[in-house]
Every structure is written in structure tokens, then in C-alpha cells.
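Participant: Okay, so here is entry.csv, and as you'll see once you scroll down, it has CSV, C-alpha atoms and all ligand atoms.
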```
chain,number,residue,atom,x,y,z
A,1,MET,CA,-12.9,-88.6,19.1
A,2,SER,CA,-9.3,-87.9,18.2
A,3,ASP,CA,-6.7,-88.2,20.9
A,4,THR,CA,-4.3,-85.3,21.0
A,5,ALA,CA,-2.7,-83.2,23.7
A,6,SER,CA,-6.0,-81.5,24.3
A,7,ASP,CA,-7.5,-84.6,25.8
A,8,VAL,CA,-6.1,-83.4,29.0
A,9,LEU,CA,-7.5,-79.9,28.6
A,10,ASP,CA,-11.1,-79.2,29.6
A,11,PHE,CA,-13.6,-76.8,28.2
A,12,PRO,CA,-16.1,-76.9,31.0
A,13,HIS,CA,-19.1,-75.4,29.2
A,14,ARG,CA,-22.0,-77.2,27.7
A,15,HIS,CA,-22.9,-74.3,25.4
A,16,LEU,CA,-21.0,-71.4,23.9
A,17,LEU,CA,-23.4,-68.5,24.4
A,18,GLY,CA,-20.9,-65.6,24.8
A,19,ILE,CA,-17.4,-64.7,25.6
A,20,GLU,CA,-18.4,-63.2,28.9
A,21,GLY,CA,-17.7,-65.8,31.5
A,22,ILE,CA,-15.1,-67.6,29.5
A,23,SER,CA,-11.7,-67.6,31.2
A,24,SER,CA,-8.4,-66.7,29.5
A,25,ALA,CA,-7.2,-70.3,29.8
A,26,GLU,CA,-10.4,-71.5,28.0
A,27,ILE,CA,-9.9,-68.8,25.3
A,28,THR,CA,-6.3,-69.9,24.9
A,29,LEU,CA,-7.4,-73.6,24.6
A,30,LEU,CA,-9.9,-72.7,21.9
A,31,LEU,CA,-7.3,-70.6,20.0
A,32,ASP,CA,-4.7,-73.4,20.3
A,33,ARG,CA,-7.1,-76.0,19.0
A,34,SER,CA,-8.1,-73.6,16.1
A,35,GLU,CA,-4.4,-73.4,15.1
A,36,ILE,CA,-4.5,-77.2,14.4
A,37,TYR,CA,-7.5,-76.7,12.1
A,38,VAL,CA,-5.9,-73.8,10.3
A,39,GLU,CA,-3.1,-76.1,9.2
A,40,GLN,CA,-5.5,-79.0,8.5
A,41,ASN,CA,-7.6,-76.7,6.3
A,42,ARG,CA,-4.6,-75.9,4.2
A,43,GLN,CA,-3.9,-79.6,3.4
A,44,ALA,CA,-5.4,-81.4,0.4
A,45,ASP,CA,-7.2,-83.8,2.7
A,46,MET,CA,-9.2,-81.6,5.1
A,47,LYS,CA,-11.7,-84.1,6.3
A,48,LYS,CA,-11.8,-85.6,9.8
A,49,SER,CA,-14.2,-87.9,11.5
A,50,ILE,CA,-14.4,-86.3,14.9
A,51,LEU,CA,-18.1,-85.5,14.5
A,52,ARG,CA,-19.1,-88.7,12.7
A,53,GLY,CA,-22.6,-89.7,13.7
A,54,ARG,CA,-23.2,-86.2,15.1
A,55,THR,CA,-25.9,-83.9,13.8
A,56,ILE,CA,-25.5,-80.2,13.7
A,57,ILE,CA,-28.4,-77.9,12.9
A,58,ASN,CA,-27.7,-74.4,11.8
A,59,LEU,CA,-30.8,-72.4,12.8
A,60,PHE,CA,-30.7,-68.9,11.4
A,61,PHE,CA,-33.5,-66.4,12.2
A,62,GLU,CA,-31.4,-63.6,10.6
A,63,ALA,CA,-29.6,-63.3,7.3
A,64,SER,CA,-26.0,-64.6,7.1
A,65,THR,CA,-23.5,-65.5,4.5
A,66,ARG,CA,-20.2,-66.0,6.0
A,67,THR,CA,-21.1,-67.3,9.5
A,68,ARG,CA,-23.6,-69.9,8.2
A,69,THR,CA,-21.3,-71.1,5.5
A,70,SER,CA,-18.4,-71.2,7.9
A,71,PHE,CA,-20.3,-73.3,10.4
A,72,GLU,CA,-21.5,-75.6,7.7
A,73,LEU,CA,-18.0,-76.1,6.4
A,74,ALA,CA,-16.7,-76.6,9.9
A,75,GLY,CA,-19.2,-79.3,10.7
A,76,LYS,CA,-18.7,-81.1,7.4
A,77,ARG,CA,-14.9,-81.0,7.7
A,78,LEU,CA,-15.2,-82.7,11.0
A,79,GLY,CA,-17.4,-85.4,9.5
A,80,GLY,CA,-20.7,-84.3,11.0
A,81,ASP,CA,-24.1,-84.2,9.4
A,82,VAL,CA,-25.0,-80.6,8.9
A,83,ILE,CA,-28.6,-79.3,8.3
A,84,ASN,CA,-29.3,-75.7,7.5
A,85,MET,CA,-32.5,-74.1,8.4
A,86,SER,CA,-33.4,-70.5,7.6
A,87,VAL,CA,-36.4,-68.5,8.4
A,88,ALA,CA,-37.6,-68.2,4.8
A,89,THR,CA,-38.2,-71.9,4.5
A,90,SER,CA,-39.3,-72.8,8.1
A,91,ALA,CA,-42.4,-72.8,10.2
A,92,ILE,CA,-41.3,-69.7,11.9
A,93,LYS,CA,-42.8,-67.8,8.9
A,94,LYS,CA,-46.1,-69.5,9.8
A,95,GLY,CA,-46.1,-68.0,13.3
A,96,GLU,CA,-44.4,-70.7,15.3
A,97,THR,CA,-42.6,-69.3,18.4
A,98,LEU,CA,-38.9,-69.6,19.1
A,99,ILE,CA,-39.4,-72.1,21.9
A,100,ASP,CA,-41.8,-74.3,19.8
A,101,THR,CA,-39.3,-74.3,17.0
A,102,ALA,CA,-36.5,-75.2,19.5
A,103,MET,CA,-38.6,-78.0,21.1
A,104,THR,CA,-39.5,-79.4,17.6
A,105,LEU,CA,-35.8,-79.6,16.6
A,106,ASN,CA,-34.9,-80.9,20.0
A,107,ALA,CA,-37.2,-83.9,19.6
A,108,MET,CA,-35.1,-84.9,16.6
A,109,HIS,CA,-32.1,-85.3,18.9
A,110,PRO,CA,-29.5,-83.1,17.2
A,111,HIS,CA,-26.2,-82.9,19.0
A,112,VAL,CA,-25.4,-79.2,18.4
A,113,LEU,CA,-27.7,-76.3,17.5
A,114,VAL,CA,-26.0,-73.3,16.0
A,115,VAL,CA,-28.4,-70.4,16.4
A,116,ARG,CA,-28.5,-66.8,15.1
A,117,HIS,CA,-31.4,-64.6,16.2
A,118,PRO,CA,-32.2,-60.8,15.9
A,119,ASP,CA,-33.1,-60.5,19.7
A,120,SER,CA,-30.5,-60.2,22.4
A,121,GLY,CA,-30.9,-63.1,24.9
A,122,ALA,CA,-33.0,-65.3,22.6
A,123,VAL,CA,-30.2,-67.9,22.1
A,124,ASN,CA,-29.6,-68.1,25.9
A,125,LEU,CA,-33.3,-68.7,26.4
A,126,LEU,CA,-33.4,-71.4,23.8
A,127,SER,CA,-30.4,-73.1,25.3
A,128,GLU,CA,-32.4,-73.6,28.5
A,129,LYS,CA,-35.1,-75.6,26.7
A,130,VAL,CA,-33.0,-78.1,24.7
A,131,ASN,CA,-30.8,-81.2,25.5
A,132,CYS,CA,-28.1,-80.5,23.0
A,133,ALA,CA,-25.2,-78.1,23.0
A,134,VAL,CA,-26.0,-74.6,21.7
A,135,ILE,CA,-23.6,-72.2,20.0
A,136,ASN,CA,-24.6,-68.6,19.7
A,137,ALA,CA,-23.9,-67.4,16.1
A,138,GLY,CA,-25.0,-63.9,17.0
A,139,ASP,CA,-28.0,-62.7,19.1
A,140,GLY,CA,-29.2,-59.1,18.4
A,141,SER,CA,-26.6,-56.6,19.7
A,142,HIS,CA,-25.6,-59.0,22.6
A,143,GLU,CA,-22.8,-61.4,21.6
A,144,HIS,CA,-21.1,-63.2,18.7
A,145,PRO,CA,-18.5,-65.3,20.4
A,146,THR,CA,-17.1,-67.2,17.4
A,147,GLN,CA,-16.4,-63.8,15.7
A,148,ALA,CA,-14.4,-62.6,18.7
A,149,LEU,CA,-12.5,-65.9,18.7
A,150,LEU,CA,-11.7,-65.7,15.0
A,151,ASP,CA,-10.6,-62.1,15.4
A,152,ALA,CA,-8.3,-63.0,18.3
A,153,LEU,CA,-6.8,-65.9,16.3
A,154,THR,CA,-6.1,-63.5,13.4
A,155,ILE,CA,-4.5,-61.0,15.7
A,156,ARG,CA,-2.5,-63.6,17.6
A,157,ARG,CA,-1.1,-65.1,14.4
A,158,ARG,CA,-0.1,-61.7,13.0
A,159,LYS,CA,1.2,-60.1,16.2
A,160,GLY,CA,2.2,-63.1,18.2
A,161,ARG,CA,0.2,-62.1,21.2
A,162,LEU,CA,-3.0,-60.4,22.5
A,163,SER,CA,-1.7,-59.1,25.8
A,164,GLY,CA,-0.6,-55.4,25.8
A,165,LEU,CA,-1.8,-54.6,22.3
A,166,VAL,CA,-3.8,-51.4,21.8
A,167,VAL,CA,-7.0,-52.3,19.8
A,168,ALA,CA,-9.3,-49.6,18.5
A,169,ILE,CA,-12.8,-50.8,17.7
A,170,CYS,CA,-14.5,-48.2,15.5
A,171,GLY,CA,-18.0,-47.4,14.4
A,172,ASP,CA,-21.4,-48.6,15.5
A,173,ILE,CA,-20.5,-49.9,19.0
A,174,LEU,CA,-24.0,-49.5,20.3
A,175,HIS,CA,-25.7,-52.1,18.1
A,176,SER,CA,-22.7,-54.4,17.6
A,177,ARG,CA,-22.5,-57.9,19.1
A,178,VAL,CA,-19.1,-58.2,17.5
A,179,ALA,CA,-17.9,-55.2,19.6
A,180,ARG,CA,-19.3,-56.6,22.8
A,181,SER,CA,-17.8,-60.1,22.4
A,182,ASN,CA,-14.4,-58.5,21.3
A,183,ILE,CA,-14.4,-56.2,24.3
A,184,HIS,CA,-14.9,-59.1,26.7
A,185,LEU,CA,-12.3,-61.3,25.0
A,186,LEU,CA,-9.6,-58.6,24.6
A,187,ASN,CA,-10.1,-57.4,28.2
A,188,THR,CA,-9.8,-61.0,29.4
A,189,MET,CA,-6.6,-61.5,27.4
A,190,GLY,CA,-5.0,-58.3,28.7
A,191,ALA,CA,-5.2,-56.1,25.6
A,192,ARG,CA,-6.0,-52.4,25.9
A,193,VAL,CA,-9.3,-51.7,24.2
A,194,ARG,CA,-10.5,-48.3,22.9
A,195,VAL,CA,-13.8,-47.7,21.2
A,196,VAL,CA,-14.1,-44.8,18.7
A,197,ALA,CA,-17.5,-43.7,17.6
A,198,PRO,CA,-20.0,-40.8,17.5
A,199,LYS,CA,-21.5,-40.1,21.0
A,200,THR,CA,-24.8,-41.5,19.7
A,201,LEU,CA,-23.3,-44.9,18.9
A,202,VAL,CA,-21.6,-45.7,22.2
A,203,PRO,CA,-23.6,-47.6,24.8
A,204,ALA,CA,-24.0,-45.9,28.2
A,205,VAL,CA,-22.2,-48.8,29.9
A,206,ALA,CA,-19.0,-48.4,27.8
A,207,GLU,CA,-16.9,-46.8,30.6
A,208,ARG,CA,-17.9,-49.6,33.0
A,209,LEU,CA,-16.6,-52.2,30.5
A,210,GLY,CA,-13.1,-51.1,31.3
A,211,ILE,CA,-12.4,-49.5,27.9
A,212,GLU,CA,-11.3,-46.0,26.7
A,213,VAL,CA,-13.9,-44.0,24.7
A,214,PHE,CA,-13.0,-41.7,21.9
A,215,HIS,CA,-15.2,-39.6,19.7
A,216,ASP,CA,-12.4,-38.5,17.3
A,217,MET,CA,-10.7,-41.0,15.0
A,218,ASN,CA,-7.4,-39.3,14.9
A,219,ALA,CA,-7.1,-39.4,18.7
A,220,GLY,CA,-8.6,-42.9,19.0
A,221,LEU,CA,-6.3,-44.4,16.4
A,222,ALA,CA,-3.1,-42.8,17.8
A,223,ASP,CA,-0.4,-45.5,18.1
A,224,CYS,CA,-2.8,-48.4,18.1
A,225,ASP,CA,-1.8,-51.9,16.9
A,226,ILE,CA,-5.2,-53.0,15.6
A,227,VAL,CA,-7.9,-51.0,13.8
A,228,MET,CA,-11.2,-52.9,13.9
A,229,MET,CA,-13.9,-51.3,11.8
A,230,LEU,CA,-17.6,-52.1,12.2
A,231,ARG,CA,-20.6,-51.9,9.9
A,232,LEU,CA,-23.4,-49.4,10.7
A,233,GLN,CA,-26.1,-51.8,11.9
A,234,SER,CA,-29.0,-49.9,10.2
A,235,GLU,CA,-31.3,-52.9,10.7
A,236,ARG,CA,-31.1,-52.3,14.5
A,237,MET,CA,-31.5,-48.5,14.3
A,238,HIS,CA,-34.7,-46.9,15.2
A,239,GLY,CA,-34.2,-43.2,14.5
A,240,ASN,CA,-31.3,-41.1,13.3
A,241,PHE,CA,-27.9,-41.6,14.9
A,242,PHE,CA,-25.9,-39.4,12.5
A,243,PRO,CA,-26.7,-36.7,10.0
A,244,SER,CA,-25.8,-38.4,6.8
A,245,ILE,CA,-23.6,-41.3,5.4
A,246,ARG,CA,-21.4,-38.7,3.8
A,247,GLU,CA,-20.7,-36.9,7.1
A,248,TYR,CA,-20.3,-40.3,8.9
A,249,PHE,CA,-17.6,-41.3,6.4
A,250,HIS,CA,-15.9,-37.9,6.7
A,251,PHE,CA,-15.5,-38.2,10.4
A,252,PHE,CA,-15.5,-42.0,11.1
A,253,GLY,CA,-14.7,-43.7,7.8
A,254,LEU,CA,-11.3,-45.4,7.7
A,255,ASP,CA,-9.1,-43.8,5.0
A,256,TYR,CA,-5.3,-43.6,4.7
A,257,GLU,CA,-5.3,-40.1,6.3
A,258,LYS,CA,-6.9,-41.3,9.6
A,259,LEU,CA,-5.0,-44.6,9.4
A,260,GLY,CA,-1.8,-42.5,9.4
A,261,ASN,CA,-2.3,-42.0,13.2
A,262,ALA,CA,-2.0,-45.7,14.0
A,263,LYS,CA,1.3,-47.6,14.2
A,264,GLU,CA,2.9,-48.2,10.9
A,265,ASP,CA,2.3,-51.9,11.0
A,266,ALA,CA,-1.3,-51.6,12.4
A,267,LEU,CA,-3.6,-54.3,11.2
A,268,ILE,CA,-6.9,-53.4,9.6
A,269,MET,CA,-9.8,-55.7,10.4
A,270,HIS,CA,-13.6,-55.9,9.6
A,271,PRO,CA,-16.0,-58.7,10.5
A,272,GLY,CA,-18.0,-58.2,7.2
A,273,PRO,CA,-20.2,-57.5,5.5
A,274,MET,CA,-18.3,-54.3,4.6
A,275,ASN,CA,-20.0,-51.2,3.4
A,276,ARG,CA,-17.3,-49.6,1.2
A,277,GLY,CA,-17.4,-45.8,1.4
A,278,VAL,CA,-19.4,-45.8,4.6
A,279,GLU,CA,-17.2,-47.1,7.4
A,280,ILE,CA,-14.1,-48.0,5.3
A,281,ASP,CA,-12.5,-46.6,2.1
A,282,SER,CA,-12.2,-49.2,-0.7
A,283,GLU,CA,-8.5,-48.8,-1.2
A,284,VAL,CA,-7.8,-49.3,2.5
A,285,ALA,CA,-10.0,-52.4,2.6
A,286,ASP,CA,-8.2,-53.9,-0.3
A,287,ASP,CA,-4.7,-53.1,1.0
A,288,TYR,CA,-3.8,-56.8,1.6
A,289,GLY,CA,-0.4,-55.9,3.1
A,290,ARG,CA,-2.2,-54.3,6.0
A,291,SER,CA,-5.8,-55.6,5.9
A,292,ALA,CA,-6.5,-59.0,7.5
A,293,ILE,CA,-10.1,-59.1,6.3
A,294,ARG,CA,-9.8,-62.2,4.1
A,295,GLU,CA,-7.7,-63.9,6.7
A,296,GLN,CA,-10.5,-63.4,9.3
A,297,VAL,CA,-12.8,-65.4,7.1
A,298,GLU,CA,-10.3,-68.2,6.9
A,299,MET,CA,-9.7,-68.2,10.6
A,300,GLY,CA,-13.5,-68.4,11.1
A,301,VAL,CA,-13.8,-71.9,9.8
A,302,ALA,CA,-10.9,-73.1,12.0
A,303,VAL,CA,-12.3,-71.5,15.1
A,304,ARG,CA,-15.7,-73.0,14.5
A,305,MET,CA,-14.2,-76.4,14.1
A,306,ALA,CA,-12.5,-76.0,17.4
A,307,CYS,CA,-15.7,-74.9,19.1
A,308,LEU,CA,-17.7,-77.8,17.6
A,309,GLU,CA,-15.0,-80.2,18.6
A,310,LEU,CA,-14.7,-79.1,22.2
A,311,LEU,CA,-18.5,-79.0,22.7
A,312,ALA,CA,-18.8,-82.4,21.1
A,313,ARG,CA,-16.2,-83.8,23.5
A,314,ASN,CA,-18.4,-82.6,26.4
A,315,LEU,CA,-21.4,-84.3,24.8
A,316,SER,CA,-19.5,-87.6,24.9
A,317,LYS,CA,-18.9,-87.0,28.6
A,318,ILE,CA,-22.5,-86.2,29.2
A,319,GLU,CA,-23.5,-89.4,27.5
A,320,LEU,CA,-21.0,-91.4,29.6
A,321,GLY,CA,-22.4,-89.7,32.7
A,322,ASN,CA,-19.2,-88.0,33.8
A,323,LEU,CA,-19.9,-84.3,33.2
B,401,LIG,N1,-21.4,-60.3,10.5
B,401,LIG,C1,-21.4,-59.6,11.8
B,401,LIG,C2,-22.6,-59.9,12.6
B,401,LIG,O1,-23.3,-60.8,12.3
B,401,LIG,C3,-21.1,-58.1,11.6
B,401,LIG,C4,-22.2,-57.4,10.9
B,401,LIG,O2,-23.2,-57.9,10.5
B,401,LIG,O3,-22.0,-56.2,10.7
B,401,LIG,O4,-22.8,-59.3,13.7
```
Using C-alpha cells, write down the structure that the file contains.
Facilitator:
Amino acid sequence: MSDTASDVLDFPHRHLLGIEGISSAEITLLLDRSEIYVEQNRQADMKKSILRGRTIINLFFEASTRTRTSFELAGKRLGGDVINMSVATSAIKKGETLIDTAMTLNAMHPHVLVVRHPDSGAVNLLSEKVNCAVINAGDGSHEHPTQALLDALTIRRRKGRLSGLVVAICGDILHSRVARSNIHLLNTMGARVRVVAPKTLVPAVAERLGIEVFHDMNAGLADCDIVMMLRLQSERMHGNFFPSIREYFHFFGLDYEKLGNAKEDALIMHPGPMNRGVEIDSEVADDYGRSAIREQVEMGVAVRMACLELLARNLSKIELGNL
């Protein structure tokens, strides 16, 4: 393991299953470590050996492009052995249960399992059955912790802080794990969170999460620092939540007119994949002076390197019998 200032800082969690329950000091530690990797990833020689001899399995029960690639790059840049497993090529297709799959992989002694699953809670359940560290790469509409961390890193680098910023999270809040993880993180770090969505796409618990709820984009975006757009998660929708895509874009799609309500230097964000002309206008998405969408992807690799590093440090302590 490398020895840096962070040797004295602890991340006292065996797994990273969600942002709920992670303290502001731990979030800051993860973001600070990520900064080191942002710099490293911009150098010609990006490879480290922090994870040499460690095996990481990316187990994806749901489609993914950027998250899976990002974890793969993160593991490889830290010198780990990374194996990708997706549903299409695995025994899950043959009817094996989640737990059987987890136990099979566990018997091969991986060090970290990175898991994405369509059911909320599935990754937590799996983490109780295995000996290795588990990172939640998105479970149903529950949590996507590394997405919230990479969003926070992007915001902190652009705005210099998280505390006190007004962040409007807009769109399909109900089905979004990105929204849930971001709400926990931003609340913990002292930002003011608003959600902006049709009534049908806001969870009943929203007010209890300590956030402001708006059903009108102009009011919701008024004077905000960050505009975070979300995709309509049609794969998780059973029934009709809005009359038509056209009408949805008219009322909730981000265009320059609605953006005009936000602060002049408001940052536009989207976790991807984007549906242009549905939740965001193409011109706004490609406005790279204001949009941080590409930067979010870059930050993702650095954040995942930091998460893998800190969990791997804990594995060493477990092996040495002092955690
Ligand atoms: N990529 C993000 C997720 O996996 C957002 C999305 O799919 O819309 O939740």
C-alpha cells in the first residue's frame, strides 16, 4: 500500500453500500483522496500498484456503460486484476439465484465485488453473504454511492465548496438511485437541496428527507447554483407517470429559457445516459462552458480509485486482524 497523509485517516467501513450512514468527514476523506487520482490520471504514467495482487470482480446484473468501464479502469490503474461479469454471459441466465452466484464468486476469494442489481436492497443482502468488500454500483432505485461522490467532486472542484450551495435535482426523482444518494450526500455536506419534478415522480418520503419540493421548473431553478438533470427511468416504471414525452419536455426539460432562472454561473449536470430532447435540450447539454457532464465522467474514475483504495486498506487490516 502507498504511504501518504491518508495513512492516518480511517474509512471505518468494510463495504460501500450507500451514502446514508457515511459521515461528512468520511465523504471529505474520499473526495480528498479522489483529488490525488484526478491529478494522477492526467499524467502520462497513470498506473499504481496499490491493488497489486488484489482481485476485483465487476458483477453487473443490469446494463451499464460508464459505471462498469469506470470501475474497470479504476481497478486496473491501481494495479489490480479486474474481471467483468455480466448477466448475458453468466449462470444467472440459467436460473442461478443472486445468493448462489455470490457464494460461487466468494469461493474464488476475490477482494472486492462491485455489484449492480435492478432490485433495491439486493447489494446489501449480497454483502452479508461474502467475505470480501462490496461496492454498490447501483441497486434499483435505492443508492448509487459512487455517482453521488463523483458529482460532489465535480461540484467541489468547480465551486470550491458544497456547503451552502443550492442544488436543484430535476426529473424522475421517484425511480432514481442517483437522486437518493445525492440527497444524502448534499444534506450531510450542508448544501440546500431542492427536487423539481411532476407530482407523480416525487417519492412520498421527499419532505422527510429534509429537501424542498417544487413542481415547477421556473420556481425550482430560481437562483440555484447547480442544476442536476435526471433521466426518466422507464425501465422502472409500471404505468403512466406523465401524458407524453413532448409534454414532459415542455414542462420539465432543461432548455435555455428555464435555465435563465438559475444563477448566471449555474452548473449543469447529468449522470448519463442522457436522453436529448426528453429531460435536456441538446444545445444546453453541449454547452461546455456551463455543462460539467464530461467532467463528471472523468471524476468517476478518480472517485472509484479512491473507494477501491480505502476499502483495500481495510482489507489489509482485516487480514492483519486489527479491524
Ligand atoms: N447511470 C445512472 C444509474 O445507473 C443514471 C441513469 O441510469 O439514468 O442510475
Participant: 6 Å from ligand LIG 401 (chain B) is the threshold here; counting only C-alpha atoms and all ligand atoms, which polymer residues fall inside it? Answer as a CSV table (one decimal) with C-alpha atoms, in the coordinates of the input.
Facilitator:
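Output saved as result-v2.csv:
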```
chain,number,residue,atom,x,y,z
A,138,GLY,CA,-25.0,-63.9,17.0
A,177,ARG,CA,-22.5,-57.9,19.1
A,178,VAL,CA,-19.1,-58.2,17.5
A,231,ARG,CA,-20.6,-51.9,9.9
A,271,PRO,CA,-16.0,-58.7,10.5
A,272,GLY,CA,-18.0,-58.2,7.2
A,273,PRO,CA,-20.2,-57.5,5.5
```
Participant: Ala102 of chain A: which residues within 7 Å, counting all atoms listed in the file, same-chain residues fewer than 4 positions away excluded, as a list of chain:residue names?
Facilitator: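 Near Ala102 of chain A, the qualifying residues are A:Leu98, A:Asn106, A:Leu126, A:Val130.
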Participant: Which polymer residues have any atom within 10 Å of an atom of His215 of chain A, counting all atoms listed in the file, with same-chain residues fewer than 2 positions away left out, as a ChimeraX atom specification?
Facilitator: /A:170-171,195-202,213,217-220,251-252
Participant: Kindly export the residues of the current selection with C-alpha atoms, as a PDB file, keeping the file's coordinate frame.
Facilitator:
```
ATOM      1  CA  CYS A 170     -14.500 -48.200  15.500  1.00  0.00           C
ATOM      2  CA  GLY A 171     -18.000 -47.400  14.400  1.00  0.00           C
ATOM      3  CA  VAL A 195     -13.800 -47.700  21.200  1.00  0.00           C
ATOM      4  CA  VAL A 196     -14.100 -44.800  18.700  1.00  0.00           C
ATOM      5  CA  ALA A 197     -17.500 -43.700  17.600  1.00  0.00           C
ATOM      6  CA  PRO A 198     -20.000 -40.800  17.500  1.00  0.00           C
ATOM      7  CA  LYS A 199     -21.500 -40.100  21.000  1.00  0.00           C
ATOM      8  CA  THR A 200     -24.800 -41.500  19.700  1.00  0.00           C
ATOM      9  CA  LEU A 201     -23.300 -44.900  18.900  1.00  0.00           C
ATOM     10  CA  VAL A 202     -21.600 -45.700  22.200  1.00  0.00           C
ATOM     11  CA  VAL A 213     -13.900 -44.000  24.700  1.00  0.00           C
ATOM     12  CA  MET A 217     -10.700 -41.000  15.000  1.00  0.00           C
ATOM     13  CA  ASN A 218      -7.400 -39.300  14.900  1.00  0.00           C
ATOM     14  CA  ALA A 219      -7.100 -39.400  18.700  1.00  0.00           C
ATOM     15  CA  GLY A 220      -8.600 -42.900  19.000  1.00  0.00           C
ATOM     16  CA  PHE A 251     -15.500 -38.200  10.400  1.00  0.00           C
ATOM     17  CA  PHE A 252     -15.500 -42.000  11.100  1.00  0.00           C
TER      18      PHE A 252
END
```
Participant: Please identify all polymer residues within 12 Å of Val278 of chain A, counting all atoms listed in the file, omitting same-chain residues fewer than 4 positions from it, and present them as an NGL selection string.
Facilitator: :A and (171-172 or 229-234 or 244-255 or 273-274 or 282 or 285)
Participant: If you keep C-alpha atoms, can you produce a file of those selected residues as a PDB file, in the frame of the given file?
Facilitator:
```
ATOM      1  CA  GLY A 171     -18.000 -47.400  14.400  1.00  0.00           C
ATOM      2  CA  ASP A 172     -21.400 -48.600  15.500  1.00  0.00           C
ATOM      3  CA  MET A 229     -13.900 -51.300  11.800  1.00  0.00           C
ATOM      4  CA  LEU A 230     -17.600 -52.100  12.200  1.00  0.00           C
ATOM      5  CA  ARG A 231     -20.600 -51.900   9.900  1.00  0.00           C
ATOM      6  CA  LEU A 232     -23.400 -49.400  10.700  1.00  0.00           C
ATOM      7  CA  GLN A 233     -26.100 -51.800  11.900  1.00  0.00           C
ATOM      8  CA  SER A 234     -29.000 -49.900  10.200  1.00  0.00           C
ATOM      9  CA  SER A 244     -25.800 -38.400   6.800  1.00  0.00           C
ATOM     10  CA  ILE A 245     -23.600 -41.300   5.400  1.00  0.00           C
ATOM     11  CA  ARG A 246     -21.400 -38.700   3.800  1.00  0.00           C
ATOM     12  CA  GLU A 247     -20.700 -36.900   7.100  1.00  0.00           C
ATOM     13  CA  TYR A 248     -20.300 -40.300   8.900  1.00  0.00           C
ATOM     14  CA  PHE A 249     -17.600 -41.300   6.400  1.00  0.00           C
ATOM     15  CA  HIS A 250     -15.900 -37.900   6.700  1.00  0.00           C
ATOM     16  CA  PHE A 251     -15.500 -38.200  10.400  1.00  0.00           C
ATOM     17  CA  PHE A 252     -15.500 -42.000  11.100  1.00  0.00           C
ATOM     18  CA  GLY A 253     -14.700 -43.700   7.800  1.00  0.00           C
ATOM     19  CA  LEU A 254     -11.300 -45.400   7.700  1.00  0.00           C
ATOM     20  CA  ASP A 255      -9.100 -43.800   5.000  1.00  0.00           C
ATOM     21  CA  PRO A 273     -20.200 -57.500   5.500  1.00  0.00           C
ATOM     22  CA  MET A 274     -18.300 -54.300   4.600  1.00  0.00           C
ATOM     23  CA  SER A 282     -12.200 -49.200  -0.700  1.00  0.00           C
ATOM     24  CA  ALA A 285     -10.000 -52.400   2.600  1.00  0.00           C
TER      25      ALA A 285
END
```
Participant: Report the distance between atom CA of Gly21 of chain A and atom CA of Leu73 of chain A in Å, rounded to one decimal place.
Facilitator: 27.1 Å
Participant: When you count only C-alpha atoms, which of these residues is closest to Ser181 of chain A: A:Leu149, A:Ile27, A:Val115, A:Leu162?
Facilitator: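 Going through A:Leu149, A:Ile27, A:Val115, A:Leu162 one by one, the smallest distance to Ser181 of chain A is for A:Leu149.
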Participant: Residues within 8 Å of Ile83 of chain A, please, as a PyMOL selection string. Count only C-alpha atoms; anything in the same chain fewer than 2 positions from it doesn't count.
Facilitator: chain A and resi 55-58+81+85
Participant: Which residues are near Asn187 of chain A? Cut-off 12 Å, all atoms listed in the file, ignore same chain within fewer than 3 positions. Put them as a PyMOL selection string.
Facilitator: chain A and resi 19-24+27+148+152+162-167+179-184+190-194+209-212
Participant: For the atom pair atom CA of Leu30 of chain A and atom CA of Ser176 of chain A, what is the interatomic distance in Å to one decimal place?
Facilitator: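 Computing the Euclidean distance for atom CA of Leu30 of chain A and atom CA of Ser176 of chain A yields 22.7 Å.
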Participant: So the first atom is atom CA of Ser316 of chain A and the second is atom CA of Thr188 of chain A; what is the distance between them in Å, to one decimal place?
Facilitator: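 According to the coordinates, atom CA of Ser316 of chain A and atom CA of Thr188 of chain A are separated by 28.7 Å.
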Participant: My list of candidates is A:Gly289, A:Gly18, A:Pro12, A:Gly277. Which is closest to Pro145 of chain A when distances are computed with all atoms listed in the file?
Facilitator: A:Gly18
Participant: Using only C-alpha atoms, which residue out of A:Arg156, A:Arg208, A:Arg276, A:Arg33 lies closest to Ile226 of chain A?
Facilitator: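 Among the listed residues, the smallest separation from Ile226 of chain A belongs to A:Arg156.
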Participant: I'd like to know which of A:Leu59, A:Ile173, A:Ile36, A:Ala74 is closest to Val134 of chain A, using all atoms listed in the file.
Facilitator: A:Leu59
Participant: Which residues of segment 95-169 of chain A have any atom within 9 Å of an atom in segment 298-311 of chain A when counting only C-alpha atoms, and what is the closest pair of atoms for each, with the distance in Å to one decimal? Order the rows by chain and rising number and write it as CSV.
Facilitator:
```
residue,atom,partner,partner_atom,distance
A:Val112,CA,A:Leu308,CA,7.9
A:Ala133,CA,A:Leu311,CA,6.8
A:Val134,CA,A:Leu311,CA,8.8
A:Ile135,CA,A:Cys307,CA,8.4
A:Thr146,CA,A:Arg304,CA,6.6
A:Gln147,CA,A:Gly300,CA,7.1
A:Leu149,CA,A:Val303,CA,6.7
A:Leu150,CA,A:Gly300,CA,5.1
A:Asp151,CA,A:Met299,CA,7.8
A:Leu153,CA,A:Met299,CA,6.8
A:Thr154,CA,A:Met299,CA,6.5
```
Participant: Could you check which of A:Lys258, A:His142, A:Arg290, A:His270 is closest to Arg236 of chain A, using all atoms listed in the file?
Facilitator: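 Closest candidate: A:His142.
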Participant: Taking into account only C-alpha atoms, which residue in the set A:Asp287, A:Asp100, A:Asp139, A:Glu128 is nearest to Phe61 of chain A?
Facilitator: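 Answer, going by the shortest atom-to-atom distance: A:Asp139.
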